[in-house]
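Pasted below: my_file_8.pdb, PDB, C-alpha atoms.
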ATOM      1  CA  MET A  10     121.329  88.652 117.699  1.00  0.00           C
ATOM      2  CA  ARG A  11     120.276  91.730 115.775  1.00  0.00           C
ATOM      3  CA  LYS A  12     116.783  93.160 116.199  1.00  0.00           C
ATOM      4  CA  SER A  13     114.699  93.621 113.106  1.00  0.00           C
ATOM      5  CA  ARG A  14     113.722  97.197 112.441  1.00  0.00           C
ATOM      6  CA  ILE A  15     110.053  98.047 112.011  1.00  0.00           C
ATOM      7  CA  TYR A  16     109.459 100.771 109.452  1.00  0.00           C
ATOM      8  CA  VAL A  17     106.399 102.934 110.154  1.00  0.00           C
ATOM      9  CA  CYS A  18     105.123 105.962 108.232  1.00  0.00           C
ATOM     10  CA  GLU A  19     105.714 109.237 110.102  1.00  0.00           C
ATOM     11  CA  LEU A  20     102.493 110.770 108.826  1.00  0.00           C
ATOM     12  CA  LYS A  21     100.620 107.887 110.467  1.00  0.00           C
ATOM     13  CA  ARG A  22      98.454 107.516 107.367  1.00  0.00           C
ATOM     14  CA  HIS A  23      99.861 104.115 106.599  1.00  0.00           C
ATOM     15  CA  ARG A  24     101.184 101.407 108.872  1.00  0.00           C
ATOM     16  CA  LYS A  25     104.108 100.355 106.698  1.00  0.00           C
ATOM     17  CA  VAL A  26     106.729 102.077 104.620  1.00  0.00           C
ATOM     18  CA  GLU A  27     106.377 100.602 101.138  1.00  0.00           C
ATOM     19  CA  ALA A  28     107.232 101.657  97.602  1.00  0.00           C
ATOM     20  CA  PRO A  29     103.644 102.321  96.398  1.00  0.00           C
ATOM     21  CA  LEU A  30     102.891 104.522  99.412  1.00  0.00           C
ATOM     22  CA  CYS A  31     106.171 106.429  99.551  1.00  0.00           C
ATOM     23  CA  ALA A  32     106.489 107.068  95.795  1.00  0.00           C
ATOM     24  CA  VAL A  33     103.660 109.624  95.942  1.00  0.00           C
ATOM     25  CA  CYS A  34     104.249 111.032  99.445  1.00  0.00           C
ATOM     26  CA  PRO A  35     104.861 114.806  99.626  1.00  0.00           C
ATOM     27  CA  ARG A  36     107.279 114.456 102.579  1.00  0.00           C
ATOM     28  CA  LEU A  37     109.562 111.949 100.883  1.00  0.00           C
ATOM     29  CA  GLU A  38     112.796 113.975 101.215  1.00  0.00           C
ATOM     30  CA  LYS A  39     112.282 114.676 104.933  1.00  0.00           C
ATOM     31  CA  CYS A  40     110.962 111.321 106.167  1.00  0.00           C
ATOM     32  CA  ARG A  41     113.367 109.549 108.558  1.00  0.00           C
ATOM     33  CA  SER A  42     111.707 106.161 108.333  1.00  0.00           C
ATOM     34  CA  PHE A  43     111.883 106.294 104.515  1.00  0.00           C
ATOM     35  CA  ARG A  44     115.637 106.965 104.696  1.00  0.00           C
ATOM     36  CA  ALA A  45     116.237 103.857 106.766  1.00  0.00           C
ATOM     37  CA  TRP A  46     113.925 101.771 104.576  1.00  0.00           C
ATOM     38  CA  TYR A  47     115.493 103.139 101.367  1.00  0.00           C
ATOM     39  CA  ARG A  48     119.000 102.018 102.338  1.00  0.00           C
ATOM     40  CA  VAL A  49     117.828  98.408 102.454  1.00  0.00           C
ATOM     41  CA  HIS A  50     115.215  98.379  99.669  1.00  0.00           C
ATOM     42  CA  LYS A  51     116.761 100.812  97.158  1.00  0.00           C
ATOM     43  CA  GLY A  52     116.567  98.433  94.173  1.00  0.00           C
ATOM     44  CA  ASP A  53     112.947  97.447  94.800  1.00  0.00           C
ATOM     45  CA  TYR A  54     111.865 101.077  95.108  1.00  0.00           C
ATOM     46  CA  VAL A  55     113.567 102.203  91.893  1.00  0.00           C
ATOM     47  CA  ASP A  56     112.200  99.185  89.989  1.00  0.00           C
ATOM     48  CA  PHE A  57     108.658  99.974  91.185  1.00  0.00           C
ATOM     49  CA  VAL A  58     108.834 103.628  90.131  1.00  0.00           C
ATOM     50  CA  VAL A  59     110.298 102.839  86.704  1.00  0.00           C
ATOM     51  CA  ASP A  60     107.666 100.137  86.080  1.00  0.00           C
ATOM     52  CA  ILE A  61     104.799 102.514  86.934  1.00  0.00           C
ATOM     53  CA  VAL A  62     106.121 105.223  84.633  1.00  0.00           C
ATOM     54  CA  LYS A  63     106.647 102.709  81.791  1.00  0.00           C
ATOM     55  CA  LYS A  64     103.129 101.242  82.180  1.00  0.00           C
ATOM     56  CA  PHE A  65     101.359 104.615  82.265  1.00  0.00           C
ATOM     57  CA  PRO A  66     103.552 107.134  80.365  1.00  0.00           C
ATOM     58  CA  GLU A  67     100.605 109.397  79.555  1.00  0.00           C
ATOM     59  CA  LYS A  68      99.574 109.693  83.225  1.00  0.00           C
ATOM     60  CA  TYR A  69     102.750 109.727  85.328  1.00  0.00           C
ATOM     61  CA  GLN A  70     106.168 111.301  85.172  1.00  0.00           C
ATOM     62  CA  MET A  71     109.295 110.810  87.256  1.00  0.00           C
ATOM     63  CA  GLU A  72     110.712 113.608  89.321  1.00  0.00           C
ATOM     64  CA  VAL A  73     114.170 113.423  90.863  1.00  0.00           C
ATOM     65  CA  SER A  74     114.722 115.102  94.207  1.00  0.00           C
ATOM     66  CA  PHE A  75     117.675 115.014  96.560  1.00  0.00           C
ATOM     67  CA  MET A  76     117.553 113.609 100.067  1.00  0.00           C
ATOM     68  CA  ALA A  77     120.270 115.054 102.282  1.00  0.00           C
ATOM     69  CA  GLU A  78     121.603 113.023 105.176  1.00  0.00           C
ATOM     70  CA  LYS A  79     123.692 114.757 107.843  1.00  0.00           C
ATOM     71  CA  GLN A  80     126.318 112.543 109.414  1.00  0.00           C
ATOM     72  CA  HIS A  81     130.116 112.228 109.332  1.00  0.00           C
ATOM     73  CA  PHE A  82     131.114 110.368 106.189  1.00  0.00           C
ATOM     74  CA  VAL A  83     134.502 109.568 104.679  1.00  0.00           C
ATOM     75  CA  GLN A  84     134.795 110.027 100.947  1.00  0.00           C
ATOM     76  CA  ILE A  85     137.513 107.863  99.354  1.00  0.00           C
ATOM     77  CA  VAL A  86     138.897 109.400  96.148  1.00  0.00           C
ATOM     78  CA  ASP A  87     141.411 107.727  93.827  1.00  0.00           C
ATOM     79  CA  THR A  88     144.288 110.230  93.332  1.00  0.00           C
ATOM     80  CA  ALA A  89     145.280 108.875  89.907  1.00  0.00           C
ATOM     81  CA  THR A  90     141.876 109.255  88.251  1.00  0.00           C
ATOM     82  CA  GLY A  91     140.157 111.705  90.615  1.00  0.00           C
ATOM     83  CA  ALA A  92     137.058 109.496  90.734  1.00  0.00           C
ATOM     84  CA  ILE A  93     135.114 108.902  93.936  1.00  0.00           C
ATOM     85  CA  GLU A  94     135.574 105.263  94.857  1.00  0.00           C
ATOM     86  CA  ARG A  95     133.048 105.073  97.672  1.00  0.00           C
ATOM     87  CA  VAL A  96     131.539 106.907 100.616  1.00  0.00           C
ATOM     88  CA  THR A  97     131.545 105.195 104.024  1.00  0.00           C
ATOM     89  CA  THR A  98     130.734 106.208 107.565  1.00  0.00           C
ATOM     90  CA  LEU A  99     133.443 107.461 109.896  1.00  0.00           C
ATOM     91  CA  SER A 100     132.696 104.733 112.436  1.00  0.00           C
ATOM     92  CA  GLU A 101     133.275 102.083 109.750  1.00  0.00           C
ATOM     93  CA  ILE A 102     136.751 103.503 109.033  1.00  0.00           C
ATOM     94  CA  GLN A 103     137.586 103.679 112.740  1.00  0.00           C
ATOM     95  CA  ALA A 104     136.668 100.009 113.167  1.00  0.00           C
ATOM     96  CA  LEU A 105     139.346  98.927 110.646  1.00  0.00           C
ATOM     97  CA  THR A 106     142.727  97.686 111.797  1.00  0.00           C
ATOM     98  CA  ILE A 107     145.881  99.762 111.187  1.00  0.00           C
ATOM     99  CA  GLU A 108     147.000  97.543 108.298  1.00  0.00           C
ATOM    100  CA  GLU A 109     143.601  97.856 106.602  1.00  0.00           C
ATOM    101  CA  LYS A 110     143.689 101.635 107.031  1.00  0.00           C
ATOM    102  CA  LEU A 111     147.142 101.819 105.433  1.00  0.00           C
ATOM    103  CA  ALA A 112     146.016  99.634 102.526  1.00  0.00           C
ATOM    104  CA  LEU A 113     142.950 101.805 102.093  1.00  0.00           C
ATOM    105  CA  SER A 114     144.922 105.063 102.032  1.00  0.00           C
ATOM    106  CA  ARG A 115     147.590 103.979  99.484  1.00  0.00           C
ATOM    107  CA  GLY A 116     147.014 105.877  96.256  1.00  0.00           C
ATOM    108  CA  LYS A 117     143.843 107.395  97.605  1.00  0.00           C
ATOM    109  CA  SER A 118     142.785 110.596  99.352  1.00  0.00           C
ATOM    110  CA  LEU A 119     140.346 110.528 102.251  1.00  0.00           C
ATOM    111  CA  PHE A 120     137.999 113.442 102.874  1.00  0.00           C
ATOM    112  CA  ILE A 121     135.619 113.933 105.779  1.00  0.00           C
ATOM    113  CA  VAL A 122     132.199 115.023 104.542  1.00  0.00           C
ATOM    114  CA  SER A 123     129.321 116.205 106.742  1.00  0.00           C
ATOM    115  CA  HIS A 124     126.405 115.589 104.328  1.00  0.00           C
ATOM    116  CA  ARG A 125     125.547 112.955 101.783  1.00  0.00           C
ATOM    117  CA  ILE A 126     123.041 113.833  99.099  1.00  0.00           C
ATOM    118  CA  GLU A 127     121.257 110.960  97.463  1.00  0.00           C
ATOM    119  CA  PRO A 128     118.947 111.313  94.456  1.00  0.00           C
ATOM    120  CA  ILE A 129     115.478 109.849  94.911  1.00  0.00           C
ATOM    121  CA  VAL A 130     112.957 109.283  92.141  1.00  0.00           C
ATOM    122  CA  LYS A 131     109.335 110.262  92.798  1.00  0.00           C
ATOM    123  CA  VAL A 132     106.163 109.605  90.819  1.00  0.00           C
ATOM    124  CA  GLU A 133     103.949 112.560  89.927  1.00  0.00           C
ATOM    125  CA  LEU A 134     100.796 112.901  87.886  1.00  0.00           C
ATOM    126  CA  LYS A 135     101.303 114.817  84.671  1.00  0.00           C
ATOM    127  CA  ARG A 136      99.567 118.147  84.644  1.00  0.00           C
ATOM    128  CA  HIS A 137      97.753 119.240  81.512  1.00  0.00           C
ATOM    129  CA  VAL A 138      96.482 122.707  80.699  1.00  0.00           C
ATOM    130  CA  ILE A 139      92.772 122.777  79.827  1.00  0.00           C
ATOM    131  CA  LYS A 140      92.445 124.765  76.592  1.00  0.00           C
ATOM    132  CA  GLU A 141      88.739 124.342  75.832  1.00  0.00           C
ATOM    133  CA  PRO A 142      85.659 124.214  78.051  1.00  0.00           C
ATOM    134  CA  MET A 143      84.702 120.762  79.248  1.00  0.00           C
ATOM    135  CA  GLN A 144      81.282 119.411  78.317  1.00  0.00           C
ATOM    136  CA  PHE A 145      79.681 116.356  79.789  1.00  0.00           C
ATOM    137  CA  LYS A 146      77.203 114.141  77.918  1.00  0.00           C
ATOM    138  CA  ASP A 147      74.792 113.960  80.851  1.00  0.00           C
ATOM    139  CA  ALA A 148      74.454 117.741  81.035  1.00  0.00           C
ATOM    140  CA  GLU A 149      73.561 118.134  77.360  1.00  0.00           C
ATOM    141  CA  ALA A 150      70.428 115.934  77.191  1.00  0.00           C
ATOM    142  CA  PRO A 151      68.188 116.130  80.267  1.00  0.00           C
ATOM    143  CA  LYS A 152      66.364 112.870  80.911  1.00  0.00           C
ATOM    144  CA  GLU A 153      62.585 112.725  81.066  1.00  0.00           C
ATOM    145  CA  PRO A 154      61.257 111.973  84.530  1.00  0.00           C
ATOM    146  CA  ALA A 155      59.829 108.484  84.984  1.00  0.00           C
ATOM    147  CA  PRO A 156      56.050 108.279  85.529  1.00  0.00           C
ATOM    148  CA  ILE A 157      55.079 108.228  89.182  1.00  0.00           C
ATOM    149  CA  GLU A 158      53.193 105.141  90.295  1.00  0.00           C
ATOM    150  CA  GLU A 159      51.036 105.143  93.373  1.00  0.00           C
ATOM    151  CA  VAL A 160      51.990 102.581  95.953  1.00  0.00           C
ATOM    152  CA  THR A 161      49.459 101.584  98.565  1.00  0.00           C
ATOM    153  CA  PRO A 162      51.020 100.801 101.911  1.00  0.00           C
ATOM    154  CA  ASP A 163      50.317  97.466 103.612  1.00  0.00           C
ATOM    155  CA  PRO A 164      47.977  97.739 106.597  1.00  0.00           C
ATOM    156  CA  VAL A 165      49.867  97.907 109.877  1.00  0.00           C
ATOM    157  CA  LYS A 166      48.571  95.788 112.744  1.00  0.00           C
ATOM    158  CA  PRO A 167      48.376  97.623 116.066  1.00  0.00           C
ATOM    159  CA  ALA A 168      50.801  96.344 118.680  1.00  0.00           C
ATOM    160  CA  LYS A 169      49.399  94.584 121.725  1.00  0.00           C
ATOM    161  CA  PRO A 170      50.053  96.223 125.065  1.00  0.00           C
ATOM    162  CA  ARG A 171      52.374  94.271 127.332  1.00  0.00           C
ATOM    163  CA  THR A 172      51.216  93.232 130.714  1.00  0.00           C
ATOM    164  CA  ARG A 173      53.448  92.900 133.735  1.00  0.00           C
ATOM    165  CA  LYS A 174      53.509  89.707 135.675  1.00  0.00           C
ATOM    166  CA  LYS A 175      53.458  89.900 139.431  1.00  0.00           C
TER     167      LYS A 175
END

Go ahead and express the file in the form of structure tokens.
Amino acid sequence: MRKSRIYVCELKRHRKVEAPLCAVCPRLEKCRSFRAWYRVHKGDYVDFVVDIVKKFPEKYQMEVSFMAEKQHFVQIVDTATGAIERVTTLSEIQALTIEEKLALSRGKSLFIVSHRIEPIVKVELKRHVIKEPMQFKDAEAPKEPAPIEEVTPDPVKPAKPRTRKK
């Protein structure tokens, strides 16, 4: 039985790792818990970011950054076309049987790679340059003060002293 992994924010600002919280996080490229969560929920995250940018195009923009992962990977390249077929972990290749390894290597070149760089989309607020001084409506017209009414306080009854019982 496999244990379920609990994803927790490293900054300890949030309890969970979720698309709305991570899309605006400044430490997105360096966060280990986001990397593990992103492998499983990649489609949901990208859909969320694209939806936000489509709903509010005047407010938000997408920024692509690269998240580097250091581990031993095997890059499988087709020798006929020169295209990268896939990138797998070294332990996954070692777990294959000899026949599967031979079938995998026919017509293909295998390269050991130490880093995998994955593009990640982030949401950022658009920044606008202020060209003219800002004026607020409340500052232009000062309001007249309301007339002060006198309020008479209710009479307060004096408290009775407490007596001790013996």

re atom CA of Val132 of chain A and atom CA of Lys51 of chain A: distance 15.2 Å

Shell around segment 87-100 of chain A at 6 Å using all atoms listed in the file, local window under 4 positions removed, as a list in words: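 Neighbouring residues, sequence-local ones excluded: His81, Phe82, Val83, Gly116 and Lys117 of chain A.
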
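Note that atom CA of Val62 of chain A and atom CA of Phe43 of chain A are 20.7 Å apart.
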
Applying the PyMOL selection byres ((chain A and resi 70-80) around 6) to the file I just gave you, which residues come out? Please list them as a PyMOL selection string. chain A and resi 38+69+81+123-133

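Note on the selection: in this file the PyMOL selection byres ((chain A and resi 25-27) around 9) comes out as Ile15, Tyr16, Val17, Cys18, His23, Arg24, Ala28, Pro29, Leu30, Cys31, Ala32, Ser42, Phe43, Trp46 and Tyr54 of chain A.
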
Excluding Ser114 of chain A and any residue of its chain fewer than 4 positions from it, enumerate the residues within 12 Å of it, using all atoms listed in the file, and give them as a ChimeraX atom specification. /A:83-88,94,102,105,107-110,118-120

Separation of atom CA of Pro66 of chain A from atom CA of Arg44 of chain A in Å: 27.2 Å

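Residue nearest His137 of chain A, chosen from A:Phe57, A:Glu101, A:Ala45, A:Glu67 and counting all atoms listed in the file: A:Glu67.
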